[in-house]
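Undergrad: Supplied in C-alpha cells, the structure appears directly below.
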Amino acid sequence: MRKNKVDIITLGCSKNLVDSEQLMRQFVANGYKVEHDPHKINGEIVVVNTCGFIGDAQEESINMILELGEAKKKGKIGQLYVMGCLTERFLEDMKQELPEVDRFYGKFNWKELLADIGKSYHRELASDRVLTTPKHYAYLKIAEGCDRTCSYCAIPISTGHYQSLPMEEIENQVRLLVKQGVKEFQVIAQDLTYYGLDLYKRYALPELVERLSDIPGVEWLRLHYGYPSHFPYDLLRVMRERENVCKYMDIALQHISNPMLKKMRRNITKEETYALIQRMREEVPGLHLRTTLMVGHPGETEQDFEELVEFVKNVRFERMGAFAYSHEEGTYSFKNYTDDVPAEVKQERLDYLMRIQERISAEINEAKVGQTFKIIIDHEEEDCYIGRTEFDSPEVDPEVVVFKQLSLNPGEFYNVNIEESQAFDLYGKVLL
C-alpha cells in the first residue's frame, strides 16, 4: 500500500468519467498523488465510480468492489470508497451486503468524501479537472439527469431531473481546457437535445454549440446522445455552417416498430423517425449518424424484430450499436411488463442485427477508399499511428491506421488518403 496515493476507478459512461476527473483535481489540490484506472491498485485511498445502467454494468461494478475488498483485507489498499450511479440506486442494499466498503456516496454527494477524510473541497476549482484522456481531447458534460420517461431506463432513477449547466459556465470550462491544449470536445449529456429547457425555457443546444464553436482553439465539437422526439432542427443549420462542428450525431433510436416504440414510451412513431433521419441527412450533407438499438424488450415479436432488421438495412447507419433488454428494478417496464423474451432469443437477435451492421459498415468504409480526410492522431504504435476522422468518436467508433512514412505528432491534424478498408477500420497515408 502506497501512502498519500489515491486510485480512482471509473466504470460506465463518459459522464461518470467527468465526475472522476473533477474529484481527482480535488485530491491533487489536497496534496495527494492520484492515478486513474492504474495498472497496480495500491493506494492509501481507492475510489470506485460505479455504473448502474443495466445488469452487466452492475455486475462489473460489484465484482470490482468485491475484488478490492479482498485486497483491503490483505492490506494491499487502504480505505475503500464507492460512489456513482449504482450506489444512488441501491445504497441501502449495498451498505448491508458490502461491509468491506468504508463509505458509500451517490451520484451527486461525492464532494462529502473529502470532508469525511478531513480534507477541503476547493470551490474555486469546481470547473477544473485532471484529464484522463489524451491531452488533445476532453469530454464536456453540459447537463445532468433526464426528464424522459422511457419504459426500460433506470437512469432517471439515479440521476434525477434534468439540470442544464449555464452556458457561461460551459464556455469557461472550454476556455480553460483550450489553454491546457484540448482541441476536440465530445459534448455529452444523457439527452443533449433537451438542453436549456429547464434554465431558459427553450431548446438552447443550437445556441450553445454556436457559442462554443466561436471560442478560439476549438477545432472539433462532436455531439453525443440526442433524443429523436422534439429534435431542435436549428442544430442542423449550425452543423452545416460551422466547420468545427463535426458532421456527426449520436442519437439513440432504440426501435422502429410502432408497437415497440409505444411500449418503450419513446414519444415518436416509425413514420416520424424515418422523416427525422431523412431531414437530417438532407440538411447536413455527409452527416454520419450513430445510433443504439435495443432487442428483446417485453412484448417484442418476430414481426417487430423483422421491422427493426429492415430499418437497419434501409437506413444504413454509419455507426450503430445494439444491446439486449435488461429488466431493471424500478423502471416502468419492470413494474408493468413481464420479461417475456427468452435470453437466448435476445442474444440471437442481437448477434443477427450486428452481423448485418458489420456488412453495412464494411461497405461504407470501402466507399471511402481513395478519398482524403482530415485526421487527428491519437497515439503512436510500433509500426503505425492511430487516428480518427471527424466522424469517429474515441473508443466507440472506427479508427484510421496511418502507415508510418514520417514522424507524426499525437494531437495534431493531418490530411490522410485512405488506401484500404475493413469493416471497422480504415488504412491510409499522410499526404505530403
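Numbering starts fresh at 1 for the residues of each chain in the C-alpha cells, the chains themselves are lettered A, B, ... in the order given, and ligands are numbered from 1 as they appear.
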Using only C-alpha atoms, which residues sit within 7 Å of Phe413 (chain A) once same-chain residues fewer than 2 positions away are excluded, as a ChimeraX atom specification?
TA: /A:374-377,411
Undergrad: I need the residues from that last selection saved to file as an mmCIF file, in the first residue's frame (with C-alpha atoms), if you can.
TA:
```cif
data_model
loop_
_atom_site.group_PDB
_atom_site.id
_atom_site.type_symbol
_atom_site.label_atom_id
_atom_site.label_comp_id
_atom_site.auth_asym_id
_atom_site.auth_seq_id
_atom_site.Cartn_x
_atom_site.Cartn_y
_atom_site.Cartn_z
ATOM 1 C CA LYS A 374 -8.675 15.370 -42.040
ATOM 2 C CA ILE A 375 -7.429 13.062 -39.289
ATOM 3 C CA ILE A 376 -6.466 13.724 -35.678
ATOM 4 C CA ILE A 377 -3.709 11.420 -34.403
ATOM 5 C CA GLY A 411 -2.901 15.624 -31.096
#
```
Undergrad: Set the distance at 8 Å and use only C-alpha atoms: which residues neighbour region 191-202 of chain A once local chain neighbours fewer than 2 positions away are removed? I'd like the list as a VMD selection string.
TA: chain A and resid 142 to 143 146 162 to 164 166 188 to 189 204 to 205 223 to 227 231 to 232
Undergrad: Take the residues just selected and output them with N, CA and C atoms as a short mmCIF file (atom, residue, chain, number, x, y, z; two decimals), in the first residue's frame.
TA:
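The result, written out as selection-v9.cif:
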```
data_model
loop_
_atom_site.label_atom_id
_atom_site.label_comp_id
_atom_site.auth_asym_id
_atom_site.auth_seq_id
_atom_site.Cartn_x
_atom_site.Cartn_y
_atom_site.Cartn_z
N ILE A 142 -22.68 18.84 -20.36
CA ILE A 142 -23.43 20.10 -20.34
C ILE A 142 -24.70 20.01 -19.49
N ALA A 143 -25.02 18.84 -18.97
CA ALA A 143 -26.24 18.68 -18.17
C ALA A 143 -26.15 17.40 -17.36
N CYS A 146 -32.24 13.41 -16.39
CA CYS A 146 -33.07 13.16 -17.57
C CYS A 146 -34.54 13.26 -17.17
N TYR A 162 -33.68 16.69 -15.10
CA TYR A 162 -32.71 17.33 -15.99
C TYR A 162 -32.25 18.66 -15.40
N GLN A 163 -30.93 18.86 -15.41
CA GLN A 163 -30.35 20.11 -14.92
C GLN A 163 -29.29 20.58 -15.91
N SER A 164 -29.62 21.61 -16.68
CA SER A 164 -28.66 22.17 -17.63
C SER A 164 -27.63 23.02 -16.88
N PRO A 166 -25.35 26.31 -16.89
CA PRO A 166 -25.45 27.60 -17.60
C PRO A 166 -24.41 27.69 -18.72
N ILE A 188 -21.38 15.98 -24.18
CA ILE A 188 -22.16 14.84 -23.68
C ILE A 188 -23.23 15.29 -22.68
N ALA A 189 -24.29 14.52 -22.65
CA ALA A 189 -25.35 14.60 -21.64
C ALA A 189 -26.20 13.37 -21.85
N ALA A 204 -32.05 25.09 -26.22
CA ALA A 204 -30.95 26.04 -26.42
C ALA A 204 -29.67 25.39 -26.94
N LEU A 205 -29.73 24.09 -27.31
CA LEU A 205 -28.50 23.43 -27.79
C LEU A 205 -27.91 24.11 -29.02
N LEU A 223 -21.16 15.76 -31.03
CA LEU A 223 -22.36 15.71 -30.19
C LEU A 223 -22.81 14.28 -29.91
N HIS A 224 -23.05 14.03 -28.62
CA HIS A 224 -23.42 12.68 -28.17
C HIS A 224 -24.73 12.66 -27.41
N TYR A 225 -25.56 11.70 -27.80
CA TYR A 225 -26.78 11.33 -27.11
C TYR A 225 -27.90 12.36 -27.29
N GLY A 226 -28.32 12.48 -28.54
CA GLY A 226 -29.53 13.23 -28.82
C GLY A 226 -30.75 12.35 -28.63
N TYR A 227 -31.90 12.99 -28.59
CA TYR A 227 -33.16 12.27 -28.43
C TYR A 227 -34.03 12.61 -29.64
N PHE A 231 -36.81 17.09 -31.68
CA PHE A 231 -35.42 17.39 -32.05
C PHE A 231 -35.31 18.86 -32.44
N PRO A 232 -34.31 19.60 -31.92
CA PRO A 232 -34.15 21.02 -32.26
C PRO A 232 -33.50 21.17 -33.64
#
```
Undergrad: Which is closest to Pro206 (chain A) among A:Val178, A:Gly75, A:Lys40, A:Met167, if we use only C-alpha atoms?
TA: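 Ranked by minimum distance to Pro206 (chain A), first place goes to A:Met167.
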Undergrad: Using only C-alpha atoms, determine which residues lie at most 10 Å from Arg237 (chain A), disregarding the query and same-chain residues fewer than 2 positions distant; provide the list as a VMD selection string.
TA: chain A and resid 206 233 to 235 239 to 242 280 283 to 284
Undergrad: Suppose we keep all heavy atoms; can you now write the selection as an mmCIF file, in the first residue's frame?
TA:
```
data_model
loop_
_atom_site.group_PDB
_atom_site.id
_atom_site.type_symbol
_atom_site.label_atom_id
_atom_site.label_comp_id
_atom_site.auth_asym_id
_atom_site.auth_seq_id
_atom_site.Cartn_x
_atom_site.Cartn_y
_atom_site.Cartn_z
ATOM 1 N N PRO A 206 -28.704 24.495 -30.026
ATOM 2 C CA PRO A 206 -28.095 25.163 -31.187
ATOM 3 C C PRO A 206 -27.305 26.418 -30.803
ATOM 4 O O PRO A 206 -26.187 26.623 -31.292
ATOM 5 C CB PRO A 206 -29.307 25.514 -32.067
ATOM 6 C CG PRO A 206 -30.337 24.486 -31.706
ATOM 7 C CD PRO A 206 -30.152 24.258 -30.238
ATOM 8 N N TYR A 233 -34.317 21.340 -34.651
ATOM 9 C CA TYR A 233 -33.833 21.285 -36.033
ATOM 10 C C TYR A 233 -32.847 22.396 -36.386
ATOM 11 O O TYR A 233 -32.074 22.256 -37.333
ATOM 12 C CB TYR A 233 -35.014 21.294 -37.010
ATOM 13 C CG TYR A 233 -35.679 19.952 -37.133
ATOM 14 C CD1 TYR A 233 -36.934 19.728 -36.578
ATOM 15 C CD2 TYR A 233 -35.043 18.898 -37.787
ATOM 16 C CE1 TYR A 233 -37.546 18.484 -36.678
ATOM 17 C CE2 TYR A 233 -35.646 17.653 -37.896
ATOM 18 C CZ TYR A 233 -36.902 17.452 -37.336
ATOM 19 O OH TYR A 233 -37.503 16.217 -37.442
ATOM 20 N N ASP A 234 -32.845 23.493 -35.646
ATOM 21 C CA ASP A 234 -31.878 24.559 -35.938
ATOM 22 C C ASP A 234 -30.440 24.070 -35.727
ATOM 23 O O ASP A 234 -29.491 24.648 -36.264
ATOM 24 C CB ASP A 234 -32.151 25.784 -35.060
ATOM 25 C CG ASP A 234 -31.414 27.020 -35.553
ATOM 26 O OD1 ASP A 234 -31.377 27.250 -36.785
ATOM 27 O OD2 ASP A 234 -30.854 27.750 -34.713
ATOM 28 N N LEU A 235 -30.298 23.003 -34.958
ATOM 29 C CA LEU A 235 -28.971 22.412 -34.765
ATOM 30 C C LEU A 235 -28.363 21.959 -36.089
ATOM 31 O O LEU A 235 -27.141 22.022 -36.281
ATOM 32 C CB LEU A 235 -29.076 21.224 -33.800
ATOM 33 C CG LEU A 235 -27.774 20.513 -33.432
ATOM 34 C CD1 LEU A 235 -26.826 21.450 -32.691
ATOM 35 C CD2 LEU A 235 -28.077 19.284 -32.565
ATOM 36 N N MET A 239 -24.640 22.729 -37.623
ATOM 37 C CA MET A 239 -23.714 21.682 -38.058
ATOM 38 C C MET A 239 -23.269 21.921 -39.501
ATOM 39 O O MET A 239 -22.112 21.702 -39.859
ATOM 40 C CB MET A 239 -24.365 20.300 -37.933
ATOM 41 C CG MET A 239 -24.668 19.900 -36.518
ATOM 42 S SD MET A 239 -25.480 18.285 -36.413
ATOM 43 C CE MET A 239 -24.087 17.207 -36.569
ATOM 44 N N ARG A 240 -24.202 22.383 -40.320
ATOM 45 C CA ARG A 240 -23.894 22.613 -41.734
ATOM 46 C C ARG A 240 -22.980 23.825 -41.914
ATOM 47 O O ARG A 240 -22.074 23.817 -42.750
ATOM 48 C CB ARG A 240 -25.206 22.817 -42.497
ATOM 49 C CG ARG A 240 -25.063 22.900 -44.007
ATOM 50 C CD ARG A 240 -26.406 22.993 -44.687
ATOM 51 N NE ARG A 240 -27.143 24.207 -44.349
ATOM 52 C CZ ARG A 240 -28.266 24.235 -43.627
ATOM 53 N NH1 ARG A 240 -28.787 23.118 -43.160
ATOM 54 N NH2 ARG A 240 -28.879 25.369 -43.372
ATOM 55 N N GLU A 241 -23.205 24.869 -41.127
ATOM 56 C CA GLU A 241 -22.495 26.136 -41.331
ATOM 57 C C GLU A 241 -21.142 26.198 -40.632
ATOM 58 O O GLU A 241 -20.250 26.920 -41.088
ATOM 59 C CB GLU A 241 -23.364 27.300 -40.816
ATOM 60 C CG GLU A 241 -24.618 27.543 -41.647
ATOM 61 C CD GLU A 241 -25.477 28.660 -41.074
ATOM 62 O OE1 GLU A 241 -25.122 29.196 -39.993
ATOM 63 O OE2 GLU A 241 -26.482 29.010 -41.714
ATOM 64 N N ARG A 242 -20.992 25.496 -39.526
ATOM 65 C CA ARG A 242 -19.775 25.632 -38.727
ATOM 66 C C ARG A 242 -18.770 24.528 -39.057
ATOM 67 O O ARG A 242 -19.048 23.351 -38.866
ATOM 68 C CB ARG A 242 -20.111 25.589 -37.227
ATOM 69 C CG ARG A 242 -21.060 26.702 -36.780
ATOM 70 C CD ARG A 242 -20.375 28.054 -36.865
ATOM 71 N NE ARG A 242 -21.275 29.152 -36.589
ATOM 72 C CZ ARG A 242 -21.107 30.025 -35.585
ATOM 73 N NH1 ARG A 242 -20.088 29.892 -34.754
ATOM 74 N NH2 ARG A 242 -21.944 31.028 -35.424
ATOM 75 N N MET A 280 -32.371 15.072 -41.502
ATOM 76 C CA MET A 280 -31.002 15.264 -41.005
ATOM 77 C C MET A 280 -29.987 15.090 -42.126
ATOM 78 O O MET A 280 -29.064 15.895 -42.287
ATOM 79 C CB MET A 280 -30.720 14.277 -39.860
ATOM 80 C CG MET A 280 -31.517 14.554 -38.596
ATOM 81 S SD MET A 280 -31.302 13.257 -37.350
ATOM 82 C CE MET A 280 -29.878 13.869 -36.486
ATOM 83 N N GLU A 283 -30.276 18.018 -44.774
ATOM 84 C CA GLU A 283 -29.811 19.337 -44.331
ATOM 85 C C GLU A 283 -28.321 19.368 -43.994
ATOM 86 O O GLU A 283 -27.716 20.434 -43.993
ATOM 87 C CB GLU A 283 -30.630 19.804 -43.116
ATOM 88 C CG GLU A 283 -32.067 20.136 -43.462
ATOM 89 C CD GLU A 283 -32.746 20.992 -42.412
ATOM 90 O OE1 GLU A 283 -32.037 21.719 -41.672
ATOM 91 O OE2 GLU A 283 -33.988 20.935 -42.327
ATOM 92 N N VAL A 284 -27.744 18.205 -43.699
ATOM 93 C CA VAL A 284 -26.309 18.151 -43.381
ATOM 94 C C VAL A 284 -25.649 17.110 -44.286
ATOM 95 O O VAL A 284 -25.499 15.949 -43.912
ATOM 96 C CB VAL A 284 -26.063 17.801 -41.898
ATOM 97 C CG1 VAL A 284 -24.575 17.939 -41.561
ATOM 98 C CG2 VAL A 284 -26.893 18.682 -40.972
#
```
Undergrad: Counting only C-alpha atoms, which of A:Val245, A:Pro134, A:Leu165, A:Asp340 gets nearest to Glu395 (chain A)?
TA: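 For Glu395 (chain A), the nearest of the given residues is A:Pro134.
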Undergrad: Counting only C-alpha atoms, figure out which residue out of A:Gln22, A:Ser120, A:Gln79, A:Gln347 gets nearest to Arg103 (chain A).
TA: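 Of all the options, A:Gln79 lies closest to Arg103 (chain A).
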Undergrad: Just list as a ChimeraX atom specification whatever in region 266-400 of chain A DSSP marks as strand (DSSP E).
TA: /A:288-295,319-324,372-380,384-388,399-400
Undergrad: Which value, in Å to one decimal, gives the distance between CA of Glu88 (chain A) and CA of Lys262 (chain A)?
TA: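 Straight-line distance from CA of Glu88 (chain A) to CA of Lys262 (chain A) works out to 28.3 Å.
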Undergrad: Could you check how far CA of Tyr332 (chain A) sits from CA of Tyr152 (chain A), in Å to one decimal?
TA: 6.5 Å
